[in-house]
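Structure file model-v7.cif (mmCIF, N, CA and C atoms and all ligand atoms) follows.
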```
data_run
loop_
_atom_site.label_atom_id
_atom_site.label_comp_id
_atom_site.auth_asym_id
_atom_site.auth_seq_id
_atom_site.Cartn_x
_atom_site.Cartn_y
_atom_site.Cartn_z
N MET D 1 -32.20 8.23 2.76
CA MET D 1 -32.27 9.51 2.03
C MET D 1 -30.86 10.09 1.92
N ARG D 2 -30.43 10.31 0.71
CA ARG D 2 -29.11 10.92 0.48
C ARG D 2 -29.33 12.35 -0.02
N ILE D 3 -28.69 13.28 0.61
CA ILE D 3 -28.84 14.70 0.24
C ILE D 3 -27.46 15.30 -0.02
N LEU D 4 -27.34 15.91 -1.18
CA LEU D 4 -26.11 16.64 -1.54
C LEU D 4 -26.33 18.12 -1.25
N VAL D 5 -25.46 18.69 -0.45
CA VAL D 5 -25.52 20.13 -0.13
C VAL D 5 -24.39 20.81 -0.89
N ILE D 6 -24.78 21.70 -1.80
CA ILE D 6 -23.79 22.40 -2.63
C ILE D 6 -23.75 23.87 -2.23
N ASN D 7 -22.57 24.36 -1.98
CA ASN D 7 -22.37 25.78 -1.72
C ASN D 7 -21.43 26.38 -2.75
N GLY D 8 -21.82 27.52 -3.26
CA GLY D 8 -21.08 28.16 -4.34
C GLY D 8 -20.02 29.13 -3.87
N PRO D 9 -19.67 30.06 -4.74
CA PRO D 9 -18.49 30.90 -4.53
C PRO D 9 -18.55 31.75 -3.26
N ASN D 10 -17.41 31.79 -2.60
CA ASN D 10 -17.16 32.60 -1.40
C ASN D 10 -17.84 32.05 -0.14
N MET D 11 -18.57 30.96 -0.29
CA MET D 11 -19.21 30.38 0.89
C MET D 11 -18.18 29.70 1.80
N ASN D 12 -16.99 29.42 1.28
CA ASN D 12 -15.90 28.92 2.11
C ASN D 12 -15.41 29.97 3.11
N LEU D 13 -15.78 31.21 2.89
CA LEU D 13 -15.33 32.30 3.77
C LEU D 13 -16.34 32.64 4.85
N LEU D 14 -17.43 31.88 4.90
CA LEU D 14 -18.45 32.16 5.94
C LEU D 14 -17.80 32.14 7.32
N GLY D 15 -18.30 33.03 8.17
CA GLY D 15 -17.70 33.17 9.50
C GLY D 15 -16.94 34.47 9.58
N SER D 16 -16.13 34.72 8.54
CA SER D 16 -15.38 35.99 8.50
C SER D 16 -15.92 36.92 7.41
N ARG D 17 -16.71 36.36 6.49
CA ARG D 17 -17.20 37.14 5.35
C ARG D 17 -18.44 37.96 5.74
N GLN D 18 -18.35 39.26 5.70
CA GLN D 18 -19.49 40.16 5.98
C GLN D 18 -20.43 39.56 7.03
N PRO D 19 -19.95 39.37 8.26
CA PRO D 19 -20.78 38.72 9.29
C PRO D 19 -22.07 39.47 9.59
N GLU D 20 -22.09 40.76 9.30
CA GLU D 20 -23.32 41.53 9.53
C GLU D 20 -24.43 41.08 8.57
N ILE D 21 -24.05 40.45 7.46
CA ILE D 21 -25.04 39.93 6.50
C ILE D 21 -25.20 38.41 6.65
N TYR D 22 -24.06 37.72 6.76
CA TYR D 22 -24.10 36.27 6.68
C TYR D 22 -23.94 35.56 8.03
N GLY D 23 -23.71 36.33 9.10
CA GLY D 23 -23.59 35.72 10.42
C GLY D 23 -22.19 35.21 10.71
N SER D 24 -22.07 34.55 11.85
CA SER D 24 -20.74 34.15 12.32
C SER D 24 -20.47 32.66 12.15
N ALA D 25 -21.48 31.90 11.77
CA ALA D 25 -21.26 30.45 11.58
C ALA D 25 -20.39 30.21 10.35
N THR D 26 -19.47 29.27 10.50
CA THR D 26 -18.67 28.87 9.33
C THR D 26 -19.44 27.81 8.54
N LEU D 27 -18.95 27.54 7.34
CA LEU D 27 -19.60 26.48 6.55
C LEU D 27 -19.44 25.13 7.26
N ALA D 28 -18.29 24.92 7.90
CA ALA D 28 -18.09 23.67 8.66
C ALA D 28 -19.11 23.58 9.80
N ASP D 29 -19.39 24.70 10.46
CA ASP D 29 -20.41 24.70 11.52
C ASP D 29 -21.77 24.28 10.95
N ILE D 30 -22.13 24.87 9.81
CA ILE D 30 -23.44 24.60 9.20
C ILE D 30 -23.54 23.12 8.81
N GLU D 31 -22.46 22.59 8.23
CA GLU D 31 -22.49 21.20 7.79
C GLU D 31 -22.55 20.25 9.00
N ALA D 32 -21.78 20.56 10.04
CA ALA D 32 -21.79 19.71 11.25
C ALA D 32 -23.17 19.73 11.91
N ASN D 33 -23.80 20.89 11.91
CA ASN D 33 -25.14 21.00 12.49
C ASN D 33 -26.15 20.13 11.73
N LEU D 34 -26.03 20.11 10.40
CA LEU D 34 -26.95 19.27 9.61
C LEU D 34 -26.76 17.79 9.94
N VAL D 35 -25.52 17.38 10.01
CA VAL D 35 -25.23 15.97 10.31
C VAL D 35 -25.80 15.60 11.68
N ALA D 36 -25.63 16.51 12.65
CA ALA D 36 -26.11 16.24 14.02
C ALA D 36 -27.64 16.29 14.08
N SER D 37 -28.24 17.17 13.31
CA SER D 37 -29.70 17.36 13.38
C SER D 37 -30.48 16.29 12.63
N PHE D 38 -29.84 15.71 11.62
CA PHE D 38 -30.54 14.71 10.78
C PHE D 38 -29.69 13.44 10.70
N PRO D 39 -29.65 12.69 11.80
CA PRO D 39 -28.76 11.52 11.84
C PRO D 39 -29.13 10.44 10.82
N ASP D 40 -30.37 10.44 10.35
CA ASP D 40 -30.77 9.40 9.39
C ASP D 40 -30.47 9.78 7.95
N VAL D 41 -30.03 11.00 7.72
CA VAL D 41 -29.74 11.44 6.35
C VAL D 41 -28.26 11.19 6.05
N ASP D 42 -28.04 10.69 4.84
CA ASP D 42 -26.67 10.46 4.37
C ASP D 42 -26.26 11.70 3.56
N PHE D 43 -25.44 12.56 4.17
CA PHE D 43 -25.09 13.83 3.53
C PHE D 43 -23.80 13.73 2.72
N ALA D 44 -23.78 14.48 1.63
CA ALA D 44 -22.51 14.79 0.95
C ALA D 44 -22.45 16.31 0.83
N PHE D 45 -21.26 16.86 0.98
CA PHE D 45 -21.10 18.32 0.95
C PHE D 45 -20.06 18.70 -0.09
N ILE D 46 -20.43 19.71 -0.88
CA ILE D 46 -19.49 20.24 -1.86
C ILE D 46 -19.52 21.76 -1.76
N GLN D 47 -18.36 22.37 -1.70
CA GLN D 47 -18.27 23.83 -1.87
C GLN D 47 -17.30 24.09 -2.99
N SER D 48 -17.70 24.94 -3.93
CA SER D 48 -16.77 25.29 -5.00
C SER D 48 -16.95 26.74 -5.41
N ASN D 49 -15.84 27.36 -5.75
CA ASN D 49 -15.88 28.71 -6.29
C ASN D 49 -16.01 28.68 -7.81
N SER D 50 -16.08 27.49 -8.36
CA SER D 50 -16.09 27.33 -9.81
C SER D 50 -17.47 26.91 -10.33
N GLU D 51 -17.96 27.63 -11.30
CA GLU D 51 -19.28 27.35 -11.89
C GLU D 51 -19.32 25.94 -12.47
N GLY D 52 -18.25 25.55 -13.18
CA GLY D 52 -18.22 24.24 -13.81
C GLY D 52 -18.29 23.10 -12.79
N ALA D 53 -17.62 23.27 -11.67
CA ALA D 53 -17.63 22.21 -10.64
C ALA D 53 -19.03 22.07 -10.06
N ILE D 54 -19.73 23.16 -9.92
CA ILE D 54 -21.10 23.11 -9.39
C ILE D 54 -22.01 22.38 -10.40
N ILE D 55 -21.84 22.71 -11.66
CA ILE D 55 -22.65 22.05 -12.70
C ILE D 55 -22.34 20.56 -12.75
N ASP D 56 -21.06 20.21 -12.68
CA ASP D 56 -20.68 18.79 -12.68
C ASP D 56 -21.31 18.06 -11.50
N ALA D 57 -21.32 18.70 -10.34
CA ALA D 57 -21.90 18.07 -9.14
C ALA D 57 -23.39 17.85 -9.33
N ILE D 58 -24.08 18.82 -9.89
CA ILE D 58 -25.53 18.69 -10.13
C ILE D 58 -25.80 17.54 -11.12
N GLN D 59 -24.98 17.48 -12.17
CA GLN D 59 -25.20 16.47 -13.22
C GLN D 59 -24.90 15.06 -12.77
N THR D 60 -23.92 14.89 -11.87
CA THR D 60 -23.40 13.55 -11.61
C THR D 60 -23.85 12.95 -10.27
N THR D 61 -24.54 13.72 -9.45
CA THR D 61 -24.90 13.18 -8.13
C THR D 61 -25.88 12.01 -8.23
N ASP D 62 -25.74 11.10 -7.28
CA ASP D 62 -26.75 10.04 -7.17
C ASP D 62 -27.60 10.27 -5.91
N ALA D 63 -27.55 11.50 -5.38
CA ALA D 63 -28.35 11.83 -4.20
C ALA D 63 -29.84 11.86 -4.57
N ASP D 64 -30.69 11.78 -3.54
CA ASP D 64 -32.13 11.85 -3.75
C ASP D 64 -32.60 13.29 -3.89
N ALA D 65 -31.83 14.23 -3.35
CA ALA D 65 -32.19 15.64 -3.43
C ALA D 65 -30.93 16.48 -3.27
N ILE D 66 -31.01 17.70 -3.77
CA ILE D 66 -29.89 18.64 -3.67
C ILE D 66 -30.37 19.90 -2.96
N VAL D 67 -29.60 20.35 -1.97
CA VAL D 67 -29.81 21.67 -1.36
C VAL D 67 -28.72 22.56 -1.93
N LEU D 68 -29.13 23.62 -2.61
CA LEU D 68 -28.17 24.42 -3.38
C LEU D 68 -28.18 25.87 -2.94
N ASN D 69 -27.02 26.33 -2.43
CA ASN D 69 -26.79 27.77 -2.29
C ASN D 69 -25.78 28.12 -3.36
N ALA D 70 -26.28 28.59 -4.49
CA ALA D 70 -25.40 28.90 -5.62
C ALA D 70 -24.70 30.25 -5.43
N ALA D 71 -24.97 30.91 -4.30
CA ALA D 71 -24.33 32.19 -3.98
C ALA D 71 -24.48 33.15 -5.17
N ALA D 72 -23.43 33.84 -5.57
CA ALA D 72 -23.59 34.87 -6.61
C ALA D 72 -24.02 34.28 -7.95
N TYR D 73 -23.72 32.98 -8.18
CA TYR D 73 -24.16 32.37 -9.45
C TYR D 73 -25.68 32.31 -9.56
N THR D 74 -26.35 32.41 -8.42
CA THR D 74 -27.81 32.48 -8.42
C THR D 74 -28.31 33.57 -9.37
N HIS D 75 -27.59 34.67 -9.36
CA HIS D 75 -28.06 35.87 -10.05
C HIS D 75 -27.50 36.00 -11.47
N THR D 76 -26.53 35.14 -11.79
CA THR D 76 -25.82 35.34 -13.07
C THR D 76 -25.77 34.12 -13.96
N SER D 77 -25.97 32.91 -13.39
CA SER D 77 -25.59 31.72 -14.15
C SER D 77 -26.77 30.99 -14.79
N LEU D 78 -26.94 31.26 -16.07
CA LEU D 78 -27.92 30.48 -16.84
C LEU D 78 -27.46 29.03 -16.93
N ALA D 79 -26.15 28.83 -16.88
CA ALA D 79 -25.60 27.46 -16.98
C ALA D 79 -25.97 26.63 -15.75
N VAL D 80 -25.91 27.22 -14.55
CA VAL D 80 -26.33 26.47 -13.36
C VAL D 80 -27.84 26.21 -13.43
N ALA D 81 -28.59 27.21 -13.85
CA ALA D 81 -30.05 27.02 -13.98
C ALA D 81 -30.36 25.92 -14.99
N ASP D 82 -29.63 25.88 -16.09
CA ASP D 82 -29.85 24.84 -17.10
C ASP D 82 -29.54 23.46 -16.52
N ALA D 83 -28.49 23.37 -15.70
CA ALA D 83 -28.14 22.09 -15.09
C ALA D 83 -29.24 21.62 -14.15
N VAL D 84 -29.78 22.54 -13.36
CA VAL D 84 -30.88 22.18 -12.44
C VAL D 84 -32.08 21.69 -13.25
N ALA D 85 -32.38 22.39 -14.34
CA ALA D 85 -33.53 22.02 -15.17
C ALA D 85 -33.31 20.68 -15.87
N ALA D 86 -32.05 20.34 -16.11
CA ALA D 86 -31.74 19.15 -16.91
C ALA D 86 -31.84 17.84 -16.13
N VAL D 87 -31.75 17.92 -14.80
CA VAL D 87 -31.73 16.68 -14.01
C VAL D 87 -33.09 16.44 -13.35
N ASP D 88 -33.33 15.18 -13.02
CA ASP D 88 -34.58 14.84 -12.33
C ASP D 88 -34.48 15.05 -10.83
N THR D 89 -33.27 15.14 -10.30
CA THR D 89 -33.08 15.31 -8.85
C THR D 89 -33.73 16.61 -8.40
N PRO D 90 -34.62 16.55 -7.40
CA PRO D 90 -35.20 17.81 -6.92
C PRO D 90 -34.12 18.69 -6.27
N VAL D 91 -34.17 19.97 -6.58
CA VAL D 91 -33.19 20.94 -6.04
C VAL D 91 -33.93 21.99 -5.24
N ILE D 92 -33.46 22.22 -4.02
CA ILE D 92 -34.03 23.28 -3.18
C ILE D 92 -33.01 24.40 -3.06
N GLU D 93 -33.43 25.58 -3.44
CA GLU D 93 -32.56 26.76 -3.40
C GLU D 93 -32.57 27.36 -1.99
N VAL D 94 -31.40 27.67 -1.47
CA VAL D 94 -31.33 28.35 -0.18
C VAL D 94 -30.38 29.54 -0.25
N HIS D 95 -30.67 30.53 0.59
CA HIS D 95 -29.78 31.67 0.81
C HIS D 95 -29.85 32.05 2.28
N LEU D 96 -28.71 32.33 2.86
CA LEU D 96 -28.68 32.78 4.25
C LEU D 96 -29.41 34.11 4.40
N SER D 97 -29.13 35.03 3.51
CA SER D 97 -29.73 36.37 3.58
C SER D 97 -31.04 36.39 2.80
N ASN D 98 -31.85 37.39 3.09
CA ASN D 98 -33.09 37.59 2.32
C ASN D 98 -32.73 38.35 1.05
N ILE D 99 -32.54 37.59 -0.03
CA ILE D 99 -32.05 38.22 -1.26
C ILE D 99 -33.06 39.25 -1.80
N TYR D 100 -34.32 39.14 -1.41
CA TYR D 100 -35.35 40.06 -1.91
C TYR D 100 -35.34 41.39 -1.16
N ALA D 101 -34.56 41.46 -0.08
CA ALA D 101 -34.44 42.70 0.69
C ALA D 101 -33.08 43.36 0.44
N ARG D 102 -32.37 42.89 -0.58
CA ARG D 102 -31.02 43.39 -0.82
C ARG D 102 -30.96 44.17 -2.13
N GLU D 103 -29.76 44.34 -2.67
CA GLU D 103 -29.59 45.15 -3.88
C GLU D 103 -30.43 44.55 -5.02
N GLU D 104 -30.80 45.42 -5.93
CA GLU D 104 -31.65 45.04 -7.06
C GLU D 104 -31.15 43.76 -7.76
N ILE D 105 -29.87 43.69 -8.01
CA ILE D 105 -29.35 42.55 -8.78
C ILE D 105 -29.52 41.23 -8.04
N ARG D 106 -29.56 41.30 -6.69
CA ARG D 106 -29.71 40.07 -5.91
C ARG D 106 -31.18 39.64 -5.79
N ARG D 107 -32.09 40.49 -6.22
CA ARG D 107 -33.52 40.15 -6.09
C ARG D 107 -33.99 39.23 -7.19
N ARG D 108 -33.13 39.00 -8.19
CA ARG D 108 -33.50 38.09 -9.27
C ARG D 108 -32.69 36.80 -9.12
N SER D 109 -33.40 35.68 -9.05
CA SER D 109 -32.74 34.38 -9.04
C SER D 109 -33.05 33.68 -10.36
N LEU D 110 -31.98 33.33 -11.09
CA LEU D 110 -32.17 32.60 -12.34
C LEU D 110 -32.52 31.14 -12.08
N ILE D 111 -32.17 30.68 -10.87
CA ILE D 111 -32.41 29.25 -10.62
C ILE D 111 -33.76 28.98 -9.95
N ALA D 112 -34.35 29.98 -9.32
CA ALA D 112 -35.62 29.76 -8.61
C ALA D 112 -36.69 29.10 -9.49
N PRO D 113 -36.87 29.53 -10.74
CA PRO D 113 -37.95 28.95 -11.55
C PRO D 113 -37.78 27.46 -11.84
N VAL D 114 -36.55 26.94 -11.71
CA VAL D 114 -36.34 25.52 -12.03
C VAL D 114 -36.11 24.70 -10.77
N CYS D 115 -36.20 25.33 -9.61
CA CYS D 115 -36.04 24.61 -8.34
C CYS D 115 -37.39 24.14 -7.82
N ARG D 116 -37.32 23.14 -6.97
CA ARG D 116 -38.53 22.61 -6.33
C ARG D 116 -39.12 23.64 -5.39
N GLY D 117 -38.24 24.39 -4.73
CA GLY D 117 -38.67 25.45 -3.82
C GLY D 117 -37.47 26.28 -3.43
N SER D 118 -37.75 27.40 -2.76
CA SER D 118 -36.67 28.31 -2.35
C SER D 118 -36.91 28.77 -0.92
N ILE D 119 -35.82 28.86 -0.16
CA ILE D 119 -35.90 29.32 1.23
C ILE D 119 -34.77 30.32 1.44
N CYS D 120 -35.10 31.50 1.94
CA CYS D 120 -34.03 32.48 2.17
C CYS D 120 -34.35 33.35 3.36
N GLY D 121 -33.29 33.90 3.95
CA GLY D 121 -33.44 34.96 4.94
C GLY D 121 -33.41 34.53 6.38
N PHE D 122 -33.24 33.25 6.65
CA PHE D 122 -33.28 32.77 8.04
C PHE D 122 -31.91 32.32 8.54
N GLY D 123 -30.85 32.80 7.89
CA GLY D 123 -29.51 32.39 8.32
C GLY D 123 -29.31 30.89 8.14
N PRO D 124 -28.43 30.29 8.95
CA PRO D 124 -28.10 28.87 8.77
C PRO D 124 -29.31 27.94 8.84
N LYS D 125 -30.38 28.41 9.46
CA LYS D 125 -31.60 27.60 9.56
C LYS D 125 -32.17 27.25 8.18
N VAL D 126 -31.83 28.02 7.15
CA VAL D 126 -32.38 27.71 5.81
C VAL D 126 -31.97 26.32 5.35
N TYR D 127 -30.76 25.90 5.75
CA TYR D 127 -30.30 24.57 5.34
C TYR D 127 -31.14 23.49 6.03
N GLU D 128 -31.42 23.69 7.32
CA GLU D 128 -32.25 22.72 8.05
C GLU D 128 -33.66 22.68 7.46
N LEU D 129 -34.21 23.84 7.16
CA LEU D 129 -35.56 23.89 6.59
C LEU D 129 -35.60 23.18 5.24
N ALA D 130 -34.56 23.35 4.46
CA ALA D 130 -34.51 22.72 3.14
C ALA D 130 -34.42 21.20 3.28
N VAL D 131 -33.59 20.73 4.21
CA VAL D 131 -33.49 19.29 4.41
C VAL D 131 -34.83 18.74 4.90
N ALA D 132 -35.45 19.45 5.85
CA ALA D 132 -36.75 19.00 6.36
C ALA D 132 -37.77 18.92 5.23
N ALA D 133 -37.67 19.82 4.28
CA ALA D 133 -38.61 19.82 3.13
C ALA D 133 -38.39 18.62 2.23
N CYS D 134 -37.20 18.05 2.27
CA CYS D 134 -36.89 16.89 1.40
C CYS D 134 -37.40 15.58 1.99
N LEU D 135 -37.66 15.56 3.29
CA LEU D 135 -37.94 14.28 3.96
C LEU D 135 -39.39 13.84 3.79
C1 LIG D 201 -26.15 34.29 -0.73
C2 LIG D 201 -26.76 35.54 -1.35
C3 LIG D 201 -26.06 35.90 -2.65
O1 LIG D 201 -26.62 37.09 -3.19
C4 LIG D 201 -24.59 36.13 -2.41
O2 LIG D 201 -23.92 36.38 -3.64
C5 LIG D 201 -23.94 35.05 -1.66
C6 LIG D 201 -24.66 34.41 -0.55
C7 LIG D 201 -26.78 33.98 0.66
O3 LIG D 201 -26.61 32.86 1.11
O4 LIG D 201 -27.36 34.88 1.27
O5 LIG D 201 -22.78 34.74 -1.88
O6 LIG D 201 -26.44 33.18 -1.58
#
```

Output the file's structure as structure tokens, nothing else.
Amino acid sequence: MRILVINGPNMNLLGSRQPEIYGSATLADIEANLVASFPDVDFAFIQSNSEGAIIDAIQTTDADAIVLNAAAYTHTSLAVADAVAAVDTPVIEVHLSNIYAREEIRRRSLIAPVCRGSICGFGPKVYELAVAACL
């Protein structure tokens, strides 16, 4: 099983970025935990602050599934949603925070309707839950 984990804009700042919302784990911590927790999964990890790079990754992956935290593009990017809809690879949407308990604009996900499922609000555990859902 090959799983591509994509993280969108500002996720490279995890650990120092609004820790009261996103916690203290860095993205490297989250990725290392996945590798340790799922030794049989072949992971690839991409983080980009660029919408186009995220779309290219969705279009070109040969992974069996994608775990996607599109970060702020979740709420704004019809282009990312179109990319998810365009590929056969199942995509699982994740968010560290409970986006439905936050500001109005964050309560709408443009990508949720085209994803296989969505998991949010459990901190770094959302990535583990998403991978477990793929197996
Ligand atoms: C986020 C939630 C988004 O609203 C926000 O823009 C992010 C992170 C999360 O993981 O909780 O950057 O996707």

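Shortest separation to D:Ile3 among D:Asp64, D:Gln18, D:Ala86, D:Glu104 occurs at residue D:Asp64, atoms counted being only N, CA and C atoms.
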
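For the choices D:Ala71, D:Ala63, D:Val91, D:Leu13, the atom-to-atom distance to ligand LIG 201 (chain D) is smallest for D:Ala71 when using only N, CA and C atoms and all ligand atoms.
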
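Residues in contact with D:Glu93 at up to 5 Å, not including ones fewer than 4 positions away on its chain and judged by all atoms listed in the file, are Leu68, Gly117, Ser118 and Ile119 of chain D.
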
Using the chain letters and numbers from this document, which residues of stretch 1-49 of chain D does DSSP assign to alpha helix (DSSP H), as a ChimeraX atom specification?
/D:19-22,27-37

re atom CA of D:Ile55 and atom C6 of ligand LIG 201 (chain D): distance 17.4 Å

Can you check which parts of chain D lie within 5 Å of ligand LIG 201 (chain D)? Per residue, the shortest pair of atoms and distance in Å to one decimal, counting all atoms listed in the file, sorted by chain and number, as JSON lines.
```
{"residue": "D:Ala71", "atom": "CA", "partner": "D:LIG201", "partner_atom": "O6", "distance": 3.3}
{"residue": "D:Ala72", "atom": "N", "partner": "D:LIG201", "partner_atom": "O2", "distance": 3.2}
{"residue": "D:His95", "atom": "CA", "partner": "D:LIG201", "partner_atom": "O3", "distance": 3.4}
{"residue": "D:Leu96", "atom": "N", "partner": "D:LIG201", "partner_atom": "O3", "distance": 2.8}
{"residue": "D:Ser97", "atom": "N", "partner": "D:LIG201", "partner_atom": "O4", "distance": 2.9}
```

Excluding D:Ala130 and residues on its chain fewer than 3 positions from it, collect all residues at most 12 Å away from it, counting only C-alpha atoms, and give them as a ChimeraX atom specification.
/D:3-5,34,38,65-69,90-96,115-120,122,124-127,133-135

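Counting all atoms listed in the file and comparing D:Met1, D:Ala83, D:Arg107, D:Tyr100, the residue that lies closest to D:Asp40 is D:Met1.
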
Hey, what's within 9 Å of stretch 43-51 of chain D if we count only C-alpha atoms and toss same-chain stuff fewer than 4 positions away? As a PyMOL selection string, please?
chain D and resi 1-12+27+31+34-35+55-57+63+70+73+77+79-80

Please, could you write that set of residues out with N, CA and C atoms as a compact mmCIF listing (two decimals), in the frame of the given file?
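Okay, this is what ended up in part_37.txt:
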```
# COMPACT_ATOMS: atom_id res chain seq x y z
N MET D 1 -32.20 8.23 2.76
CA MET D 1 -32.27 9.51 2.03
C MET D 1 -30.86 10.09 1.92
N ARG D 2 -30.43 10.31 0.71
CA ARG D 2 -29.11 10.92 0.48
C ARG D 2 -29.33 12.35 -0.02
N ILE D 3 -28.69 13.28 0.61
CA ILE D 3 -28.84 14.70 0.24
C ILE D 3 -27.46 15.30 -0.02
N LEU D 4 -27.34 15.91 -1.18
CA LEU D 4 -26.11 16.64 -1.54
C LEU D 4 -26.33 18.12 -1.25
N VAL D 5 -25.46 18.69 -0.45
CA VAL D 5 -25.52 20.13 -0.13
C VAL D 5 -24.39 20.81 -0.89
N ILE D 6 -24.78 21.70 -1.80
CA ILE D 6 -23.79 22.40 -2.63
C ILE D 6 -23.75 23.87 -2.23
N ASN D 7 -22.57 24.36 -1.98
CA ASN D 7 -22.37 25.78 -1.72
C ASN D 7 -21.43 26.38 -2.75
N GLY D 8 -21.82 27.52 -3.26
CA GLY D 8 -21.08 28.16 -4.34
C GLY D 8 -20.02 29.13 -3.87
N PRO D 9 -19.67 30.06 -4.74
CA PRO D 9 -18.49 30.90 -4.53
C PRO D 9 -18.55 31.75 -3.26
N ASN D 10 -17.41 31.79 -2.60
CA ASN D 10 -17.16 32.60 -1.40
C ASN D 10 -17.84 32.05 -0.14
N MET D 11 -18.57 30.96 -0.29
CA MET D 11 -19.21 30.38 0.89
C MET D 11 -18.18 29.70 1.80
N ASN D 12 -16.99 29.42 1.28
CA ASN D 12 -15.90 28.92 2.11
C ASN D 12 -15.41 29.97 3.11
N LEU D 27 -18.95 27.54 7.34
CA LEU D 27 -19.60 26.48 6.55
C LEU D 27 -19.44 25.13 7.26
N GLU D 31 -22.46 22.59 8.23
CA GLU D 31 -22.49 21.20 7.79
C GLU D 31 -22.55 20.25 9.00
N LEU D 34 -26.03 20.11 10.40
CA LEU D 34 -26.95 19.27 9.61
C LEU D 34 -26.76 17.79 9.94
N VAL D 35 -25.52 17.38 10.01
CA VAL D 35 -25.23 15.97 10.31
C VAL D 35 -25.80 15.60 11.68
N ILE D 55 -21.84 22.71 -11.66
CA ILE D 55 -22.65 22.05 -12.70
C ILE D 55 -22.34 20.56 -12.75
N ASP D 56 -21.06 20.21 -12.68
CA ASP D 56 -20.68 18.79 -12.68
C ASP D 56 -21.31 18.06 -11.50
N ALA D 57 -21.32 18.70 -10.34
CA ALA D 57 -21.90 18.07 -9.14
C ALA D 57 -23.39 17.85 -9.33
N ALA D 63 -27.55 11.50 -5.38
CA ALA D 63 -28.35 11.83 -4.20
C ALA D 63 -29.84 11.86 -4.57
N ALA D 70 -26.28 28.59 -4.49
CA ALA D 70 -25.40 28.90 -5.62
C ALA D 70 -24.70 30.25 -5.43
N TYR D 73 -23.72 32.98 -8.18
CA TYR D 73 -24.16 32.37 -9.45
C TYR D 73 -25.68 32.31 -9.56
N SER D 77 -25.97 32.91 -13.39
CA SER D 77 -25.59 31.72 -14.15
C SER D 77 -26.77 30.99 -14.79
N ALA D 79 -26.15 28.83 -16.88
CA ALA D 79 -25.60 27.46 -16.98
C ALA D 79 -25.97 26.63 -15.75
N VAL D 80 -25.91 27.22 -14.55
CA VAL D 80 -26.33 26.47 -13.36
C VAL D 80 -27.84 26.21 -13.43
```

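Across the structure, atom C of D:Ser109 and atom CA of D:Gly123 are spaced 19.1 Å apart.
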
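The nearest approach to D:Ala85 among the residues D:Glu103, D:Ile30, D:Val114, D:Ile58, with all atoms listed in the file taken into account, belongs to D:Val114.
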
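In this structure, atom C of D:Gly121 sits 13.6 Å away from atom CA of D:Pro19.
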
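Closest approach to D:Ala81 among D:Ile111, D:Val41, D:Ser16, D:Arg106: D:Ile111, based on only C-alpha atoms.
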
To test your reading of the structure, identify every residue in stretch 40-79 of chain D that backbone DSSP assigns to strand (DSSP E or B), and report it as a PyMOL selection string.
chain D and resi 42-47+65-69

Output file: stretch 71-83 of chain D, N, CA and C atoms, as a short mmCIF file (atom, residue, chain, number, x, y, z; two decimals), in the first residue's frame:
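Output file selection-v1.cif follows:
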```
data_model
loop_
_atom_site.label_atom_id
_atom_site.label_comp_id
_atom_site.auth_asym_id
_atom_site.auth_seq_id
_atom_site.Cartn_x
_atom_site.Cartn_y
_atom_site.Cartn_z
N ALA D 71 -5.17 22.55 4.01
CA ALA D 71 -5.06 23.77 4.83
C ALA D 71 -6.03 24.83 4.29
N ALA D 72 -5.58 26.07 4.14
CA ALA D 72 -6.53 27.13 3.77
C ALA D 72 -7.13 26.92 2.38
N TYR D 73 -6.43 26.17 1.51
CA TYR D 73 -7.01 25.90 0.19
C TYR D 73 -8.29 25.07 0.27
N THR D 74 -8.46 24.39 1.39
CA THR D 74 -9.71 23.66 1.63
C THR D 74 -10.92 24.56 1.41
N HIS D 75 -10.79 25.78 1.86
CA HIS D 75 -11.93 26.70 1.91
C HIS D 75 -12.04 27.59 0.68
N THR D 76 -10.99 27.57 -0.15
CA THR D 76 -10.95 28.55 -1.26
C THR D 76 -10.74 27.95 -2.63
N SER D 77 -10.19 26.72 -2.70
CA SER D 77 -9.66 26.28 -3.99
C SER D 77 -10.57 25.31 -4.73
N LEU D 78 -11.30 25.87 -5.68
CA LEU D 78 -12.07 25.01 -6.59
C LEU D 78 -11.12 24.18 -7.44
N ALA D 79 -9.92 24.72 -7.68
CA ALA D 79 -8.94 24.00 -8.50
C ALA D 79 -8.44 22.73 -7.80
N VAL D 80 -8.20 22.80 -6.50
CA VAL D 80 -7.80 21.58 -5.77
C VAL D 80 -8.97 20.59 -5.75
N ALA D 81 -10.17 21.10 -5.52
CA ALA D 81 -11.35 20.22 -5.53
C ALA D 81 -11.52 19.55 -6.89
N ASP D 82 -11.31 20.30 -7.96
CA ASP D 82 -11.42 19.73 -9.31
C ASP D 82 -10.38 18.64 -9.53
N ALA D 83 -9.17 18.86 -9.01
CA ALA D 83 -8.12 17.85 -9.16
C ALA D 83 -8.50 16.57 -8.43
#
```
